file data-v1.cif (mmCIF, C-alpha atoms)
data_upload
loop_
_atom_site.group_PDB
_atom_site.id
_atom_site.type_symbol
_atom_site.label_atom_id
_atom_site.label_comp_id
_atom_site.auth_asym_id
_atom_site.auth_seq_id
_atom_site.Cartn_x
_atom_site.Cartn_y
_atom_site.Cartn_z
ATOM 1 C CA MET S 1315 67.367 -60.575 44.871
ATOM 2 C CA LYS S 1316 68.746 -57.303 43.511
ATOM 3 C CA HIS S 1317 71.322 -57.525 40.755
ATOM 4 C CA THR S 1318 73.720 -54.787 39.687
ATOM 5 C CA ILE S 1319 74.670 -55.077 36.029
ATOM 6 C CA ALA S 1320 77.136 -52.993 34.039
ATOM 7 C CA VAL S 1321 76.530 -52.915 30.300
ATOM 8 C CA LEU S 1322 79.115 -51.406 27.964
ATOM 9 C CA VAL S 1323 77.458 -50.207 24.769
ATOM 10 C CA GLU S 1324 78.311 -48.284 21.634
ATOM 11 C CA ASN S 1325 77.461 -44.637 22.234
ATOM 12 C CA HIS S 1326 74.673 -44.379 19.622
ATOM 13 C CA PHE S 1327 71.185 -42.926 19.439
ATOM 14 C CA GLY S 1328 68.481 -45.404 20.526
ATOM 15 C CA VAL S 1329 70.697 -47.862 22.417
ATOM 16 C CA LEU S 1330 69.238 -46.924 25.809
ATOM 17 C CA SER S 1331 65.738 -47.540 24.480
ATOM 18 C CA ARG S 1332 66.640 -50.989 23.135
ATOM 19 C CA VAL S 1333 68.389 -52.040 26.351
ATOM 20 C CA SER S 1334 65.613 -50.814 28.654
ATOM 21 C CA GLY S 1335 63.066 -52.410 26.306
ATOM 22 C CA LEU S 1336 64.633 -55.811 26.942
ATOM 23 C CA PHE S 1337 64.002 -55.433 30.657
ATOM 24 C CA SER S 1338 60.425 -54.195 30.306
ATOM 25 C CA GLY S 1339 59.693 -56.908 27.744
ATOM 26 C CA ARG S 1340 60.678 -59.506 30.364
ATOM 27 C CA GLY S 1341 58.554 -57.873 33.069
ATOM 28 C CA PHE S 1342 61.492 -56.455 35.021
ATOM 29 C CA ASN S 1343 61.172 -53.097 36.696
ATOM 30 C CA ILE S 1344 64.491 -51.264 36.624
ATOM 31 C CA ASP S 1345 65.173 -50.005 40.165
ATOM 32 C CA SER S 1346 68.051 -47.788 39.084
ATOM 33 C CA LEU S 1347 69.597 -46.820 35.757
ATOM 34 C CA ALA S 1348 72.614 -44.574 35.242
ATOM 35 C CA VAL S 1349 74.263 -43.991 31.879
ATOM 36 C CA GLY S 1350 77.378 -42.073 30.948
ATOM 37 C CA GLU S 1351 80.370 -42.021 28.657
ATOM 38 C CA THR S 1352 83.413 -44.042 29.638
ATOM 39 C CA GLU S 1353 87.063 -43.141 29.186
ATOM 40 C CA ASP S 1354 86.339 -43.796 25.489
ATOM 41 C CA PRO S 1355 83.733 -41.300 24.168
ATOM 42 C CA THR S 1356 82.439 -43.879 21.674
ATOM 43 C CA VAL S 1357 81.436 -46.204 24.545
ATOM 44 C CA SER S 1358 78.817 -45.641 27.243
ATOM 45 C CA ARG S 1359 78.384 -47.583 30.455
ATOM 46 C CA MET S 1360 74.950 -48.395 31.809
ATOM 47 C CA THR S 1361 74.677 -49.394 35.444
ATOM 48 C CA ILE S 1362 71.355 -51.155 35.914
ATOM 49 C CA VAL S 1363 69.885 -52.398 39.199
ATOM 50 C CA VAL S 1364 67.000 -54.880 38.921
ATOM 51 C CA LYS S 1365 65.215 -57.401 41.110
ATOM 52 C CA GLY S 1366 64.825 -60.932 39.849
ATOM 53 C CA ASP S 1367 65.834 -64.519 40.259
ATOM 54 C CA ASP S 1368 69.128 -65.798 38.868
ATOM 55 C CA ARG S 1369 67.549 -67.898 36.109
ATOM 56 C CA THR S 1370 65.493 -65.071 34.631
ATOM 57 C CA LEU S 1371 68.340 -62.611 34.906
ATOM 58 C CA GLU S 1372 70.594 -65.044 33.044
ATOM 59 C CA GLN S 1373 68.112 -64.948 30.149
ATOM 60 C CA VAL S 1374 68.143 -61.142 30.136
ATOM 61 C CA LYS S 1375 71.960 -61.121 30.050
ATOM 62 C CA LYS S 1376 71.901 -63.523 27.069
ATOM 63 C CA GLN S 1377 69.416 -61.264 25.260
ATOM 64 C CA LEU S 1378 71.539 -58.183 26.009
ATOM 65 C CA ASN S 1379 74.591 -59.909 24.538
ATOM 66 C CA LYS S 1380 72.627 -60.464 21.295
ATOM 67 C CA LEU S 1381 72.157 -56.710 20.743
ATOM 68 C CA ILE S 1382 74.620 -55.429 18.152
ATOM 69 C CA GLU S 1383 75.447 -52.281 20.161
ATOM 70 C CA VAL S 1384 76.252 -54.188 23.357
ATOM 71 C CA ILE S 1385 79.977 -54.641 23.830
ATOM 72 C CA LYS S 1386 80.022 -56.382 27.211
ATOM 73 C CA VAL S 1387 77.645 -57.358 30.030
ATOM 74 C CA ILE S 1388 79.077 -57.612 33.551
ATOM 75 C CA ASP S 1389 77.032 -58.915 36.486
ATOM 76 C CA LEU S 1390 78.695 -57.045 39.337
ATOM 77 C CA THR S 1391 76.586 -58.937 41.849
ATOM 78 C CA GLU S 1392 78.881 -61.920 41.363
ATOM 79 C CA LYS S 1393 82.053 -60.096 42.466
ATOM 80 C CA PRO S 1394 83.197 -57.439 44.918
ATOM 81 C CA TYR S 1395 82.236 -53.951 43.783
ATOM 82 C CA ILE S 1396 82.002 -50.348 44.910
ATOM 83 C CA ASP S 1397 78.792 -48.377 44.407
ATOM 84 C CA ARG S 1398 77.709 -44.807 44.962
ATOM 85 C CA GLU S 1399 74.657 -42.655 44.480
ATOM 86 C CA LEU S 1400 74.314 -38.861 44.471
ATOM 87 C CA LEU S 1401 71.486 -37.025 46.248
ATOM 88 C CA LEU S 1402 70.611 -33.358 45.960
ATOM 89 C CA ILE S 1403 68.115 -32.384 48.657
ATOM 90 C CA LYS S 1404 66.468 -29.048 49.412
ATOM 91 C CA VAL S 1405 65.109 -28.611 52.955
ATOM 92 C CA ASN S 1406 62.915 -25.901 54.525
ATOM 93 C CA LEU S 1407 65.001 -23.506 56.576
ATOM 94 C CA THR S 1408 63.923 -21.334 59.496
ATOM 95 C CA PRO S 1409 66.045 -19.457 62.031
ATOM 96 C CA LYS S 1410 64.868 -22.010 64.657
ATOM 97 C CA THR S 1411 65.902 -25.097 62.690
ATOM 98 C CA ARG S 1412 69.054 -23.790 60.979
ATOM 99 C CA SER S 1413 71.584 -25.121 63.506
ATOM 100 C CA GLN S 1414 69.821 -28.514 63.801
ATOM 101 C CA ILE S 1415 69.734 -28.975 60.031
ATOM 102 C CA ILE S 1416 73.414 -28.094 59.683
ATOM 103 C CA GLU S 1417 74.284 -30.486 62.510
ATOM 104 C CA VAL S 1418 72.427 -33.358 60.824
ATOM 105 C CA ALA S 1419 74.067 -32.516 57.494
ATOM 106 C CA GLU S 1420 77.520 -32.563 59.080
ATOM 107 C CA LEU S 1421 76.763 -35.952 60.645
ATOM 108 C CA LEU S 1422 75.879 -37.235 57.183
ATOM 109 C CA GLY S 1423 78.987 -35.751 55.579
ATOM 110 C CA ALA S 1424 76.694 -33.671 53.366
ATOM 111 C CA LYS S 1425 78.080 -30.743 51.429
ATOM 112 C CA THR S 1426 76.089 -27.490 51.563
ATOM 113 C CA ILE S 1427 75.564 -26.337 47.982
ATOM 114 C CA SER S 1428 73.041 -23.509 48.375
ATOM 115 C CA VAL S 1429 71.606 -21.450 51.226
ATOM 116 C CA GLY S 1430 68.597 -19.178 50.816
ATOM 117 C CA SER S 1431 66.331 -17.369 53.229
ATOM 118 C CA LYS S 1432 63.735 -20.191 53.194
ATOM 119 C CA SER S 1433 65.690 -23.286 52.162
ATOM 120 C CA ILE S 1434 69.069 -24.974 52.229
ATOM 121 C CA SER S 1435 70.353 -27.539 49.725
ATOM 122 C CA PHE S 1436 72.840 -30.331 50.278
ATOM 123 C CA GLU S 1437 74.785 -32.840 48.235
ATOM 124 C CA VAL S 1438 75.103 -36.317 49.704
ATOM 125 C CA VAL S 1439 77.234 -39.026 48.082
ATOM 126 C CA GLY S 1440 77.331 -42.602 49.294
ATOM 127 C CA GLU S 1441 75.855 -46.055 49.129
ATOM 128 C CA SER S 1442 72.095 -46.235 48.581
ATOM 129 C CA ASN S 1443 71.373 -46.873 52.271
ATOM 130 C CA HIS S 1444 73.355 -43.729 53.206
ATOM 131 C CA VAL S 1445 71.287 -41.684 50.735
ATOM 132 C CA GLU S 1446 68.044 -43.148 52.173
ATOM 133 C CA ASN S 1447 69.266 -42.342 55.673
ATOM 134 C CA ALA S 1448 69.935 -38.722 54.657
ATOM 135 C CA ILE S 1449 66.404 -38.357 53.321
ATOM 136 C CA ASN S 1450 64.960 -39.872 56.500
ATOM 137 C CA LEU S 1451 67.034 -37.689 58.833
ATOM 138 C CA LEU S 1452 66.365 -34.453 56.950
ATOM 139 C CA GLY S 1453 62.707 -35.301 56.310
ATOM 140 C CA PRO S 1454 61.347 -33.945 59.628
ATOM 141 C CA PHE S 1455 62.594 -30.456 58.700
ATOM 142 C CA GLY S 1456 60.409 -30.444 55.585
ATOM 143 C CA VAL S 1457 61.912 -31.662 52.342
ATOM 144 C CA LYS S 1458 61.064 -29.340 49.456
ATOM 145 C CA GLU S 1459 62.761 -31.298 46.700
ATOM 146 C CA VAL S 1460 64.797 -34.478 46.178
ATOM 147 C CA VAL S 1461 66.848 -35.450 43.140
ATOM 148 C CA ARG S 1462 68.789 -38.727 43.024
ATOM 149 C CA THR S 1463 71.045 -40.292 40.480
ATOM 150 C CA GLY S 1464 70.814 -43.978 39.869
ATOM 151 C CA ARG S 1465 73.388 -46.214 41.442
ATOM 152 C CA ILE S 1466 76.756 -46.319 39.722
ATOM 153 C CA ALA S 1467 79.137 -49.183 40.387
ATOM 154 C CA ILE S 1468 82.567 -50.440 39.462
ATOM 155 C CA SER S 1469 84.200 -53.780 40.160
ATOM 156 C CA ARG S 1470 86.862 -53.837 42.813
ATOM 157 C CA ASP S 1471 90.338 -55.112 42.069
ATOM 158 C CA GLU S 1472 90.851 -58.299 44.061
ATOM 159 C CA THR S 1473 93.956 -56.775 45.674
ATOM 160 C CA GLU S 1474 92.134 -53.648 46.960
ATOM 161 C CA ALA S 1475 91.279 -53.177 50.618
ATOM 162 C CA PRO S 1476 87.756 -54.469 51.302
ATOM 163 C CA SER S 1477 86.324 -51.504 53.287
ATOM 164 C CA ASP S 1478 83.594 -50.691 50.728
ATOM 165 C CA THR S 1479 83.303 -54.113 49.094
ATOM 166 C CA LYS S 1480 79.807 -55.354 48.389
ATOM 167 C CA LYS S 1481 78.276 -58.523 47.139
ATOM 168 C CA ASP S 1482 74.675 -57.341 46.732
ATOM 169 C CA SER S 1483 73.905 -56.425 50.314
ATOM 170 C CA THR S 1484 70.610 -54.841 49.176
ATOM 171 C CA SER S 1485 68.627 -58.022 48.632
#
call {"tool": "encode", "arguments": {"input": "data-v1.cif", "output": "structure tokens"}}
result
Amino acid sequence: MKHTIAVLVENHFGVLSRVSGLFSGRGFNIDSLAVGETEDPTVSRMTIVVKGDDRTLEQVKKQLNKLIEVIKVIDLTEKPYIDRELLLIKVNLTPKTRSQIIEVAELLGAKTISVGSKSISFEVVGESNHVENAINLLGPFGVKEVVRTGRIAISRDETEAPSDTKKDSTS
């Protein structure tokens, strides 16, 4: 099962290394890792996606909570949450394929960010499956380059409308 964990940490040098070391030390491969400052510049938020059973993950959460720099560990998998990922993709462009590529991009809700004589680049934002779908649909045109962020996620207020609510649908 995939788990999405948010870890609030003190924004200090070396914290990322210690947190990721806990996962590798337990034999977990991190599927996705995104880190950034929060509304408080002294605090960073790590969004970590890992595969593992509940029992082993519980041990990792306990170990994370023992680190001095860790402020809070939140297993988002246990509650409704919203997640997004960002994709930047550069695709081969020819006069023959130009209109087809733009049509596919519009279907995906992609934003054109750069157009050259031989390539076109798009920004796609959405859930991980939407990003995968974009890569698959644009792939036949010849993908030159792909850059993805890790998944970022935030818990949903219980009173919010449930249109984007997830409870780990990626397992």
call {"tool": "atom_distance", "arguments": {"input": "data-v1.cif", "atom1": "atom CA of Asp1368 of chain S", "atom2": "atom CA of His1317 of chain S"}}
result
8.8 Å
call {"tool": "residues_around", "arguments": {"input": "data-v1.cif", "residues": "Gly1430 of chain S", "least_positions_apart": "4", "cutoff": "9 Å", "atoms": "all atoms listed in the file", "output": "PyMOL selection string"}}
result
chain S and resi 1407+1434-1435
call {"tool": "residues_around", "arguments": {"input": "data-v1.cif", "residues": "segment 1410-1420 of chain S", "least_positions_apart": "6", "cutoff": "9 Å", "atoms": "only C-alpha atoms", "output": "PyMOL selection string"}}
result
chain S and resi 1426+1434+1436+1438+1448+1451-1452+1455
call {"tool": "resolve_selection", "arguments": {"input": "data-v1.cif", "expression": "the PyMOL selection byres ((chain S and resi 1336) around 12)", "output": "mmCIF file with C-alpha atoms, in the frame of the given file"}}
result
data_model
loop_
_atom_site.group_PDB
_atom_site.id
_atom_site.type_symbol
_atom_site.label_atom_id
_atom_site.label_comp_id
_atom_site.auth_asym_id
_atom_site.auth_seq_id
_atom_site.Cartn_x
_atom_site.Cartn_y
_atom_site.Cartn_z
ATOM 1 C CA VAL S 1329 70.697 -47.862 22.417
ATOM 2 C CA LEU S 1330 69.238 -46.924 25.809
ATOM 3 C CA SER S 1331 65.738 -47.540 24.480
ATOM 4 C CA ARG S 1332 66.640 -50.989 23.135
ATOM 5 C CA VAL S 1333 68.389 -52.040 26.351
ATOM 6 C CA SER S 1334 65.613 -50.814 28.654
ATOM 7 C CA GLY S 1335 63.066 -52.410 26.306
ATOM 8 C CA PHE S 1337 64.002 -55.433 30.657
ATOM 9 C CA SER S 1338 60.425 -54.195 30.306
ATOM 10 C CA GLY S 1339 59.693 -56.908 27.744
ATOM 11 C CA ARG S 1340 60.678 -59.506 30.364
ATOM 12 C CA GLY S 1341 58.554 -57.873 33.069
ATOM 13 C CA PHE S 1342 61.492 -56.455 35.021
ATOM 14 C CA ASN S 1343 61.172 -53.097 36.696
ATOM 15 C CA ILE S 1344 64.491 -51.264 36.624
ATOM 16 C CA LEU S 1371 68.340 -62.611 34.906
ATOM 17 C CA GLN S 1373 68.112 -64.948 30.149
ATOM 18 C CA VAL S 1374 68.143 -61.142 30.136
ATOM 19 C CA LYS S 1375 71.960 -61.121 30.050
ATOM 20 C CA LYS S 1376 71.901 -63.523 27.069
ATOM 21 C CA GLN S 1377 69.416 -61.264 25.260
ATOM 22 C CA LEU S 1378 71.539 -58.183 26.009
ATOM 23 C CA ASN S 1379 74.591 -59.909 24.538
ATOM 24 C CA LYS S 1380 72.627 -60.464 21.295
ATOM 25 C CA LEU S 1381 72.157 -56.710 20.743
#
call {"tool": "closest_residue", "arguments": {"input": "data-v1.cif", "among": "S:Leu1402, S:Val1429, S:Met1360, S:Ile1449", "to": "Asp1389 of chain S", "atoms": "only C-alpha atoms"}}
result
S:Met1360
call {"tool": "residues_around", "arguments": {"input": "data-v1.cif", "residues": "Glu1351 of chain S", "least_positions_apart": "6", "cutoff": "12 Å", "atoms": "all atoms listed in the file", "output": "ChimeraX atom specification"}}
result
/S:1321-1326,1357-1361
call {"tool": "resolve_selection", "arguments": {"input": "data-v1.cif", "expression": "the PyMOL selection byres ((chain S and resi 1399) around 10)", "output": "list in words"}}
result
Ser1346, Ala1348, Asp1397, Arg1398, Leu1400, Leu1401, Val1438, Val1439, Gly1440, Glu1441, Ser1442, Asn1443, His1444, Val1445, Arg1462, Thr1463, Gly1464, Arg1465, Ile1466 and Ala1467 of chain S
call {"tool": "closest_residue", "arguments": {"input": "data-v1.cif", "among": "S:Thr1352, S:Ser1469, S:Arg1369, S:Glu1446", "to": "Ile1388 of chain S", "atoms": "all atoms listed in the file"}}
result
S:Ser1469
call {"tool": "closest_residue", "arguments": {"input": "data-v1.cif", "among": "S:Ile1382, S:Ala1424, S:Leu1390, S:Val1363", "to": "Ile1403 of chain S", "atoms": "only C-alpha atoms"}}
result
S:Ala1424
call {"tool": "closest_residue", "arguments": {"input": "data-v1.cif", "among": "S:Thr1370, S:Gly1453, S:Gly1328, S:Met1315", "to": "Asp1345 of chain S", "atoms": "only C-alpha atoms"}}
result
S:Met1315
call {"tool": "atom_distance", "arguments": {"input": "data-v1.cif", "atom1": "atom CA of Asp1367 of chain S", "atom2": "atom CA of Val1387 of chain S"}}
result
17.2 Å
call {"tool": "atom_distance", "arguments": {"input": "data-v1.cif", "atom1": "atom CA of Lys1393 of chain S", "atom2": "atom CA of Glu1353 of chain S"}}
result
22.1 Å
call {"tool": "closest_residue", "arguments": {"input": "data-v1.cif", "among": "S:Ala1320, S:Tyr1395, S:Val1349, S:Thr1408", "to": "Val1364 of chain S", "atoms": "all atoms listed in the file"}}
result
S:Ala1320
call {"tool": "closest_residue", "arguments": {"input": "data-v1.cif", "among": "S:Lys1432, S:Ile1362, S:Asn1447, S:Leu1347", "to": "Lys1404 of chain S", "atoms": "only C-alpha atoms"}}
result
S:Lys1432
